[in-house]
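Structure file work_38.cif (mmCIF, N, CA and C atoms) is printed below.
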data_protein
loop_
_atom_site.label_atom_id
_atom_site.label_comp_id
_atom_site.auth_asym_id
_atom_site.auth_seq_id
_atom_site.Cartn_x
_atom_site.Cartn_y
_atom_site.Cartn_z
N MET V 21 -1.63 -154.29 -60.45
CA MET V 21 -1.33 -154.70 -59.11
C MET V 21 0.04 -155.37 -59.11
N LYS V 22 0.83 -155.04 -58.07
CA LYS V 22 2.18 -155.58 -57.97
C LYS V 22 2.13 -156.98 -57.36
N ARG V 23 2.89 -157.86 -57.93
CA ARG V 23 2.93 -159.24 -57.48
C ARG V 23 4.04 -159.42 -56.44
N PHE V 24 3.74 -160.15 -55.33
CA PHE V 24 4.74 -160.40 -54.29
C PHE V 24 5.39 -161.75 -54.53
N ASP V 25 6.69 -161.73 -54.80
CA ASP V 25 7.43 -162.97 -55.00
C ASP V 25 8.11 -163.45 -53.72
N GLN V 26 8.30 -162.55 -52.76
CA GLN V 26 9.00 -162.89 -51.53
C GLN V 26 8.21 -162.37 -50.33
N ILE V 27 8.41 -163.04 -49.21
CA ILE V 27 7.79 -162.60 -47.97
C ILE V 27 8.83 -161.82 -47.18
N ASN V 28 8.44 -160.67 -46.67
CA ASN V 28 9.33 -159.83 -45.87
C ASN V 28 9.32 -160.34 -44.43
N VAL V 29 10.40 -160.95 -43.99
CA VAL V 29 10.47 -161.53 -42.64
C VAL V 29 11.22 -160.64 -41.66
N ILE V 30 11.72 -159.52 -42.08
CA ILE V 30 12.50 -158.63 -41.20
C ILE V 30 11.66 -158.16 -40.00
N PRO V 31 10.41 -157.72 -40.15
CA PRO V 31 9.64 -157.33 -38.96
C PRO V 31 9.42 -158.51 -38.00
N PHE V 32 9.23 -159.69 -38.53
CA PHE V 32 9.06 -160.88 -37.70
C PHE V 32 10.33 -161.15 -36.88
N ILE V 33 11.49 -161.03 -37.50
CA ILE V 33 12.76 -161.25 -36.81
C ILE V 33 12.96 -160.20 -35.72
N ASP V 34 12.61 -158.95 -36.00
CA ASP V 34 12.72 -157.88 -35.00
C ASP V 34 11.87 -158.19 -33.77
N ILE V 35 10.67 -158.62 -33.99
CA ILE V 35 9.78 -158.94 -32.86
C ILE V 35 10.33 -160.12 -32.07
N MET V 36 10.83 -161.14 -32.76
CA MET V 36 11.38 -162.31 -32.07
C MET V 36 12.60 -161.95 -31.23
N LEU V 37 13.46 -161.07 -31.73
CA LEU V 37 14.64 -160.65 -30.97
C LEU V 37 14.25 -159.89 -29.71
N VAL V 38 13.24 -159.04 -29.81
CA VAL V 38 12.77 -158.31 -28.63
C VAL V 38 12.18 -159.28 -27.61
N LEU V 39 11.37 -160.24 -28.06
CA LEU V 39 10.80 -161.22 -27.14
C LEU V 39 11.89 -162.08 -26.51
N LEU V 40 12.91 -162.45 -27.27
CA LEU V 40 14.01 -163.23 -26.73
C LEU V 40 14.75 -162.46 -25.64
N ALA V 41 14.99 -161.18 -25.87
CA ALA V 41 15.66 -160.35 -24.87
C ALA V 41 14.83 -160.26 -23.59
N ILE V 42 13.53 -160.13 -23.72
CA ILE V 42 12.65 -160.05 -22.53
C ILE V 42 12.67 -161.37 -21.77
N VAL V 43 12.58 -162.48 -22.47
CA VAL V 43 12.57 -163.80 -21.80
C VAL V 43 13.89 -164.05 -21.10
N LEU V 44 15.01 -163.76 -21.76
CA LEU V 44 16.31 -164.00 -21.13
C LEU V 44 16.54 -163.11 -19.92
N THR V 45 16.12 -161.87 -19.99
CA THR V 45 16.27 -160.97 -18.85
C THR V 45 15.42 -161.43 -17.68
N THR V 46 14.19 -161.80 -17.93
CA THR V 46 13.30 -162.27 -16.87
C THR V 46 13.81 -163.57 -16.27
N ALA V 47 14.26 -164.50 -17.10
CA ALA V 47 14.76 -165.78 -16.61
C ALA V 47 15.99 -165.59 -15.74
N THR V 48 16.86 -164.65 -16.08
CA THR V 48 18.05 -164.38 -15.29
C THR V 48 17.67 -163.85 -13.92
N PHE V 49 16.73 -162.94 -13.85
CA PHE V 49 16.31 -162.39 -12.57
C PHE V 49 15.65 -163.45 -11.70
N ILE V 50 14.87 -164.31 -12.30
CA ILE V 50 14.18 -165.35 -11.52
C ILE V 50 15.20 -166.35 -11.00
N ALA V 51 16.17 -166.75 -11.83
CA ALA V 51 17.16 -167.75 -11.41
C ALA V 51 18.04 -167.22 -10.28
N LYS V 52 18.37 -165.95 -10.30
CA LYS V 52 19.20 -165.38 -9.25
C LYS V 52 18.39 -164.90 -8.06
N GLY V 53 17.08 -164.91 -8.17
CA GLY V 53 16.25 -164.46 -7.08
C GLY V 53 16.32 -162.96 -6.87
N MET V 54 16.56 -162.22 -7.94
CA MET V 54 16.73 -160.78 -7.80
C MET V 54 15.44 -160.01 -8.01
N ILE V 55 14.38 -160.67 -8.38
CA ILE V 55 13.12 -159.96 -8.51
C ILE V 55 12.59 -159.74 -7.10
N PRO V 56 12.46 -158.48 -6.69
CA PRO V 56 12.04 -158.24 -5.31
C PRO V 56 10.58 -158.65 -5.11
N MET V 57 10.35 -159.41 -4.06
CA MET V 57 8.99 -159.80 -3.74
C MET V 57 8.89 -160.04 -2.26
N GLU V 58 7.73 -159.82 -1.75
CA GLU V 58 7.48 -160.06 -0.34
C GLU V 58 6.58 -161.27 -0.23
N LEU V 59 7.09 -162.32 0.39
CA LEU V 59 6.33 -163.54 0.53
C LEU V 59 5.28 -163.38 1.62
N PRO V 60 4.14 -164.04 1.47
CA PRO V 60 3.09 -163.92 2.48
C PRO V 60 3.52 -164.57 3.79
N LYS V 61 3.03 -164.04 4.87
CA LYS V 61 3.33 -164.55 6.20
C LYS V 61 2.21 -165.48 6.64
N THR V 62 2.57 -166.45 7.46
CA THR V 62 1.58 -167.35 8.01
C THR V 62 1.83 -167.50 9.50
N SER V 63 0.76 -167.62 10.24
CA SER V 63 0.91 -167.83 11.68
C SER V 63 0.83 -169.31 12.03
N ASP V 64 0.53 -170.12 11.04
CA ASP V 64 0.38 -171.55 11.25
C ASP V 64 1.75 -172.22 11.17
N GLU V 65 2.28 -172.67 12.30
CA GLU V 65 3.59 -173.31 12.33
C GLU V 65 3.55 -174.70 11.71
N LEU V 66 2.39 -175.32 11.68
CA LEU V 66 2.26 -176.66 11.12
C LEU V 66 2.50 -176.65 9.62
N ALA V 67 2.09 -175.59 8.94
CA ALA V 67 2.27 -175.52 7.49
C ALA V 67 3.75 -175.55 7.13
N ALA V 68 4.59 -174.88 7.91
CA ALA V 68 6.02 -174.89 7.63
C ALA V 68 6.63 -176.24 7.98
N ALA V 69 6.12 -176.89 8.99
CA ALA V 69 6.68 -178.17 9.42
C ALA V 69 6.35 -179.29 8.44
N GLU V 70 5.25 -179.19 7.72
CA GLU V 70 4.84 -180.25 6.80
C GLU V 70 5.80 -180.38 5.63
N THR V 71 6.44 -179.29 5.23
CA THR V 71 7.29 -179.33 4.05
C THR V 71 8.77 -179.37 4.39
N THR V 72 9.11 -179.68 5.63
CA THR V 72 10.53 -179.79 5.95
C THR V 72 11.10 -180.97 5.18
N PRO V 73 12.21 -180.76 4.50
CA PRO V 73 12.76 -181.84 3.68
C PRO V 73 13.32 -182.96 4.56
N HIS V 74 13.28 -184.15 4.02
CA HIS V 74 13.83 -185.33 4.70
C HIS V 74 15.06 -185.80 3.96
N GLU V 75 15.97 -186.44 4.68
CA GLU V 75 17.15 -187.02 4.06
C GLU V 75 17.22 -188.50 4.42
N ILE V 76 17.28 -189.34 3.41
CA ILE V 76 17.40 -190.78 3.61
C ILE V 76 18.80 -191.18 3.17
N SER V 77 19.50 -191.89 4.05
CA SER V 77 20.84 -192.36 3.74
C SER V 77 20.87 -193.88 3.76
N VAL V 78 21.55 -194.46 2.77
CA VAL V 78 21.74 -195.91 2.70
C VAL V 78 23.25 -196.16 2.77
N LEU V 79 23.68 -196.86 3.81
CA LEU V 79 25.10 -197.14 3.97
C LEU V 79 25.49 -198.40 3.21
N LYS V 80 26.80 -198.67 3.16
CA LYS V 80 27.27 -199.81 2.37
C LYS V 80 26.83 -201.16 2.93
N ASP V 81 26.42 -201.19 4.22
CA ASP V 81 25.89 -202.44 4.78
C ASP V 81 24.37 -202.51 4.68
N SER V 82 23.78 -201.65 3.83
CA SER V 82 22.34 -201.57 3.56
C SER V 82 21.52 -201.04 4.73
N SER V 83 22.17 -200.48 5.74
CA SER V 83 21.41 -199.88 6.84
C SER V 83 20.84 -198.54 6.40
N LEU V 84 19.65 -198.22 6.90
CA LEU V 84 18.93 -197.01 6.50
C LEU V 84 18.93 -195.99 7.62
N PHE V 85 19.01 -194.71 7.23
CA PHE V 85 18.90 -193.61 8.17
C PHE V 85 17.93 -192.60 7.61
N LEU V 86 17.02 -192.14 8.43
CA LEU V 86 16.09 -191.07 8.06
C LEU V 86 16.41 -189.88 8.94
N ASP V 87 16.86 -188.80 8.34
CA ASP V 87 17.25 -187.59 9.08
C ASP V 87 18.23 -187.93 10.20
N ASN V 88 19.27 -188.70 9.87
CA ASN V 88 20.36 -189.10 10.77
C ASN V 88 19.90 -189.99 11.92
N GLU V 89 18.79 -190.67 11.75
CA GLU V 89 18.29 -191.59 12.76
C GLU V 89 18.10 -192.95 12.10
N ALA V 90 18.67 -194.00 12.71
CA ALA V 90 18.58 -195.34 12.13
C ALA V 90 17.13 -195.82 12.10
N VAL V 91 16.73 -196.36 10.94
CA VAL V 91 15.37 -196.88 10.77
C VAL V 91 15.43 -198.18 9.97
N THR V 92 14.36 -198.96 10.09
CA THR V 92 14.19 -200.12 9.22
C THR V 92 13.34 -199.69 8.04
N LEU V 93 13.22 -200.55 7.06
CA LEU V 93 12.43 -200.21 5.87
C LEU V 93 10.97 -200.00 6.23
N GLU V 94 10.43 -200.82 7.11
CA GLU V 94 9.03 -200.68 7.52
C GLU V 94 8.84 -199.39 8.31
N ARG V 95 9.79 -199.10 9.18
CA ARG V 95 9.68 -197.88 9.99
C ARG V 95 9.88 -196.62 9.14
N LEU V 96 10.59 -196.75 8.04
CA LEU V 96 10.78 -195.63 7.12
C LEU V 96 9.43 -195.17 6.59
N SER V 97 8.61 -196.10 6.14
CA SER V 97 7.28 -195.74 5.65
C SER V 97 6.42 -195.14 6.74
N ASP V 98 6.50 -195.71 7.95
CA ASP V 98 5.72 -195.17 9.07
C ASP V 98 6.16 -193.76 9.43
N SER V 99 7.47 -193.51 9.39
CA SER V 99 7.99 -192.18 9.75
C SER V 99 7.60 -191.14 8.72
N LEU V 100 7.51 -191.53 7.46
CA LEU V 100 7.15 -190.59 6.41
C LEU V 100 5.64 -190.46 6.22
N GLN V 101 4.88 -191.25 6.94
CA GLN V 101 3.43 -191.29 6.78
C GLN V 101 2.78 -189.91 6.95
N GLY V 102 3.22 -189.14 7.94
CA GLY V 102 2.60 -187.84 8.21
C GLY V 102 3.05 -186.73 7.29
N SER V 103 4.01 -186.98 6.45
CA SER V 103 4.54 -185.96 5.56
C SER V 103 3.68 -185.83 4.32
N ALA V 104 3.65 -184.62 3.78
CA ALA V 104 2.92 -184.38 2.53
C ALA V 104 3.63 -185.12 1.39
N LYS V 105 2.88 -185.50 0.38
CA LYS V 105 3.44 -186.28 -0.73
C LYS V 105 4.40 -185.46 -1.59
N ASP V 106 4.35 -184.13 -1.49
CA ASP V 106 5.28 -183.30 -2.25
C ASP V 106 6.44 -182.80 -1.39
N THR V 107 6.65 -183.44 -0.25
CA THR V 107 7.77 -183.10 0.62
C THR V 107 9.08 -183.47 -0.08
N PRO V 108 10.05 -182.56 -0.12
CA PRO V 108 11.33 -182.90 -0.76
C PRO V 108 12.08 -183.96 0.05
N ILE V 109 12.56 -184.97 -0.64
CA ILE V 109 13.32 -186.05 -0.01
C ILE V 109 14.64 -186.17 -0.75
N THR V 110 15.74 -186.12 0.02
CA THR V 110 17.07 -186.29 -0.55
C THR V 110 17.54 -187.70 -0.23
N LEU V 111 17.95 -188.42 -1.25
CA LEU V 111 18.40 -189.80 -1.09
C LEU V 111 19.90 -189.86 -1.32
N ARG V 112 20.63 -190.28 -0.27
CA ARG V 112 22.08 -190.43 -0.35
C ARG V 112 22.39 -191.92 -0.22
N VAL V 113 23.08 -192.47 -1.18
CA VAL V 113 23.41 -193.89 -1.18
C VAL V 113 24.93 -194.03 -1.30
N ASP V 114 25.52 -194.79 -0.40
CA ASP V 114 26.95 -195.05 -0.44
C ASP V 114 27.30 -195.75 -1.75
N ALA V 115 28.45 -195.40 -2.32
CA ALA V 115 28.86 -196.00 -3.59
C ALA V 115 29.08 -197.50 -3.46
N GLN V 116 29.40 -197.98 -2.26
CA GLN V 116 29.64 -199.41 -2.05
C GLN V 116 28.37 -200.15 -1.64
N ALA V 117 27.26 -199.45 -1.49
CA ALA V 117 26.00 -200.09 -1.09
C ALA V 117 25.48 -200.95 -2.23
N PRO V 118 24.84 -202.07 -1.90
CA PRO V 118 24.27 -202.91 -2.96
C PRO V 118 23.17 -202.14 -3.70
N PHE V 119 23.13 -202.34 -5.00
CA PHE V 119 22.13 -201.66 -5.82
C PHE V 119 20.72 -202.05 -5.38
N GLN V 120 20.57 -203.26 -4.89
CA GLN V 120 19.26 -203.74 -4.43
C GLN V 120 18.72 -202.86 -3.30
N ALA V 121 19.60 -202.39 -2.40
CA ALA V 121 19.15 -201.53 -1.29
C ALA V 121 18.60 -200.21 -1.84
N PHE V 122 19.26 -199.68 -2.86
CA PHE V 122 18.79 -198.45 -3.51
C PHE V 122 17.42 -198.67 -4.14
N ILE V 123 17.27 -199.77 -4.86
CA ILE V 123 16.01 -200.06 -5.54
C ILE V 123 14.88 -200.25 -4.54
N VAL V 124 15.16 -200.91 -3.43
CA VAL V 124 14.12 -201.15 -2.42
C VAL V 124 13.63 -199.82 -1.85
N VAL V 125 14.54 -198.90 -1.57
CA VAL V 125 14.14 -197.59 -1.02
C VAL V 125 13.35 -196.80 -2.06
N ILE V 126 13.81 -196.79 -3.29
CA ILE V 126 13.10 -196.06 -4.36
C ILE V 126 11.70 -196.64 -4.55
N ASN V 127 11.58 -197.95 -4.56
CA ASN V 127 10.26 -198.57 -4.73
C ASN V 127 9.34 -198.24 -3.55
N ARG V 128 9.89 -198.20 -2.36
CA ARG V 128 9.07 -197.85 -1.19
C ARG V 128 8.58 -196.41 -1.28
N LEU V 129 9.45 -195.49 -1.71
CA LEU V 129 9.04 -194.09 -1.87
C LEU V 129 8.01 -193.96 -2.99
N LYS V 130 8.19 -194.73 -4.05
CA LYS V 130 7.23 -194.70 -5.16
C LYS V 130 5.88 -195.26 -4.71
N ARG V 131 5.93 -196.35 -3.93
CA ARG V 131 4.69 -196.96 -3.43
C ARG V 131 3.94 -196.00 -2.52
N ASP V 132 4.69 -195.24 -1.71
CA ASP V 132 4.08 -194.26 -0.81
C ASP V 132 3.75 -192.95 -1.52
N ARG V 133 4.00 -192.90 -2.83
CA ARG V 133 3.63 -191.78 -3.72
C ARG V 133 4.35 -190.46 -3.41
N PHE V 134 5.61 -190.54 -3.02
CA PHE V 134 6.42 -189.33 -2.85
C PHE V 134 6.96 -188.94 -4.21
N SER V 135 6.76 -187.69 -4.58
CA SER V 135 7.10 -187.26 -5.94
C SER V 135 8.36 -186.40 -6.02
N GLN V 136 8.82 -185.84 -4.92
CA GLN V 136 9.96 -184.93 -4.93
C GLN V 136 11.20 -185.61 -4.34
N VAL V 137 11.77 -186.56 -5.07
CA VAL V 137 12.92 -187.31 -4.59
C VAL V 137 14.14 -186.89 -5.39
N ALA V 138 15.20 -186.46 -4.69
CA ALA V 138 16.46 -186.09 -5.33
C ALA V 138 17.53 -187.08 -4.91
N ILE V 139 18.33 -187.54 -5.85
CA ILE V 139 19.40 -188.48 -5.57
C ILE V 139 20.72 -187.71 -5.63
N VAL V 140 21.48 -187.78 -4.54
CA VAL V 140 22.70 -187.01 -4.42
C VAL V 140 23.88 -187.83 -4.91
N ALA V 141 24.73 -187.19 -5.74
CA ALA V 141 25.97 -187.82 -6.22
C ALA V 141 27.04 -186.75 -6.26
N GLU V 142 28.30 -187.18 -6.12
CA GLU V 142 29.41 -186.26 -6.21
C GLU V 142 29.94 -186.23 -7.64
N PRO V 143 30.29 -185.05 -8.13
CA PRO V 143 30.86 -185.00 -9.48
C PRO V 143 32.23 -185.68 -9.51
N SER V 144 32.49 -186.41 -10.56
CA SER V 144 33.79 -187.07 -10.68
C SER V 144 34.79 -186.10 -11.28
N GLY V 145 35.99 -186.22 -10.83
CA GLY V 145 37.04 -185.38 -11.39
C GLY V 145 37.45 -184.37 -10.48
#
Render the structure in this file as structure tokens.
Amino acid sequence: MKRFDQINVIPFIDIMLVLLAIVLTTATFIAKGMIPMELPKTSDELAAAETTPHEISVLKDSSLFLDNEAVTLERLSDSLQGSAKDTPITLRVDAQAPFQAFIVVINRLKRDRFSQVAIVAEPSG
């Protein structure tokens, strides 16, 4: 009987390269949205309204705006009360705003259990 001193890894590498090509091709199509698909239709207008994204702005004087409407911190929670907890929220904070104003808004969103919060910043340079 012949003794094996080495393991032949060439078939394993071939399989891995094929799988890598499939994953990269699929990921490219998904990222560009080129995989053709037909999304289901709904007649319920409320379902689309529940997930409309909100935008919260904090100005340098710590004033708050929800969807371009001035609000107080207490009214912010009341206004977001009817929204689903996975509603996308964009948070824009002026660079000159006190950090405390930012923290207060983040804590309020965390307390109200909103999970989809994006913080907007401009790239430097």
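Here the question is which of V:Gln120, V:Leu111, V:Asn127, V:Ser103 gets nearest to V:Ser82 using only C-alpha atoms, and that residue is V:Gln120.
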Report task. Might you spell out which residues the PyMOL selection byres ((chain V and resi 141) around 8) would select in the displayed file, as a ChimeraX atom specification? Result -> /V:111-113,138-140,142-144
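Taking atom CA of V:Thr110 as the reference point, atom N of V:Lys61 is found at 26.9 Å.
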Requested in this report: Compare V:Val91, V:Ser97, V:Val137, V:Val78 by their minimum atom-to-atom distance to V:Asp114, counting only N, CA and C atoms, and give me the closest one.
Outcome: V:Val78
Query - Å distance separating atom C of V:Gln116 from atom N of V:Ser83, one decimal place - result: 9.6 Å
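With atom CA of V:Asp106 on one side and atom N of V:Arg128 on the other, the separation reads 15.6 Å.
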Query - Output of the PyMOL selection byres ((chain V and resi 75) around 8), listed as a PyMOL selection string - result: chain V and resi 72-74+76-78+85-89+108-112
Query raised in the report: Which of these residues is nearest to V:Lys80, using only N, CA and C atoms: V:Pro118, V:Thr107, V:Leu129, V:Asp34?
Result: V:Pro118
Go ahead and fit an axis-aligned box to every listed atom of stretch 112-127 of chain V plus 4 Å each side, and pass me the centre and edge lengths in Å, one decimal, as AutoDock Vina command-line options.
--center_x 19.5 --center_y -197.0 --center_z -3.0 --size_x 28.3 --size_y 21.5 --size_z 13.6
Query raised in the report: Out of V:Leu37, V:Ile42, V:Val124, V:Ile30, which residue has the shortest atom-to-atom distance to V:Leu93 when counting only C-alpha atoms?
Result: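 Of V:Leu37, V:Ile42, V:Val124, V:Ile30, the one nearest V:Leu93 is V:Val124, counting only C-alpha atoms.
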Report task. Determine which residues of stretch 85-115 of chain V receive a DSSP assignment of helix (DSSP H, G or I), computed from the backbone, and state them as a ChimeraX atom specification. Result -> /V:93-100
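Those residues in chain V carrying a DSSP assignment of strand (DSSP E or B), computed from the backbone, are His74, Glu75, Ile76, Ser77, Val78, Leu84, Phe85, Leu86, Glu89, Ala90, Val91, Ile109, Thr110, Leu111, Arg112, Val113, Val137, Ala138, Ile139 and Val140 of chain V.
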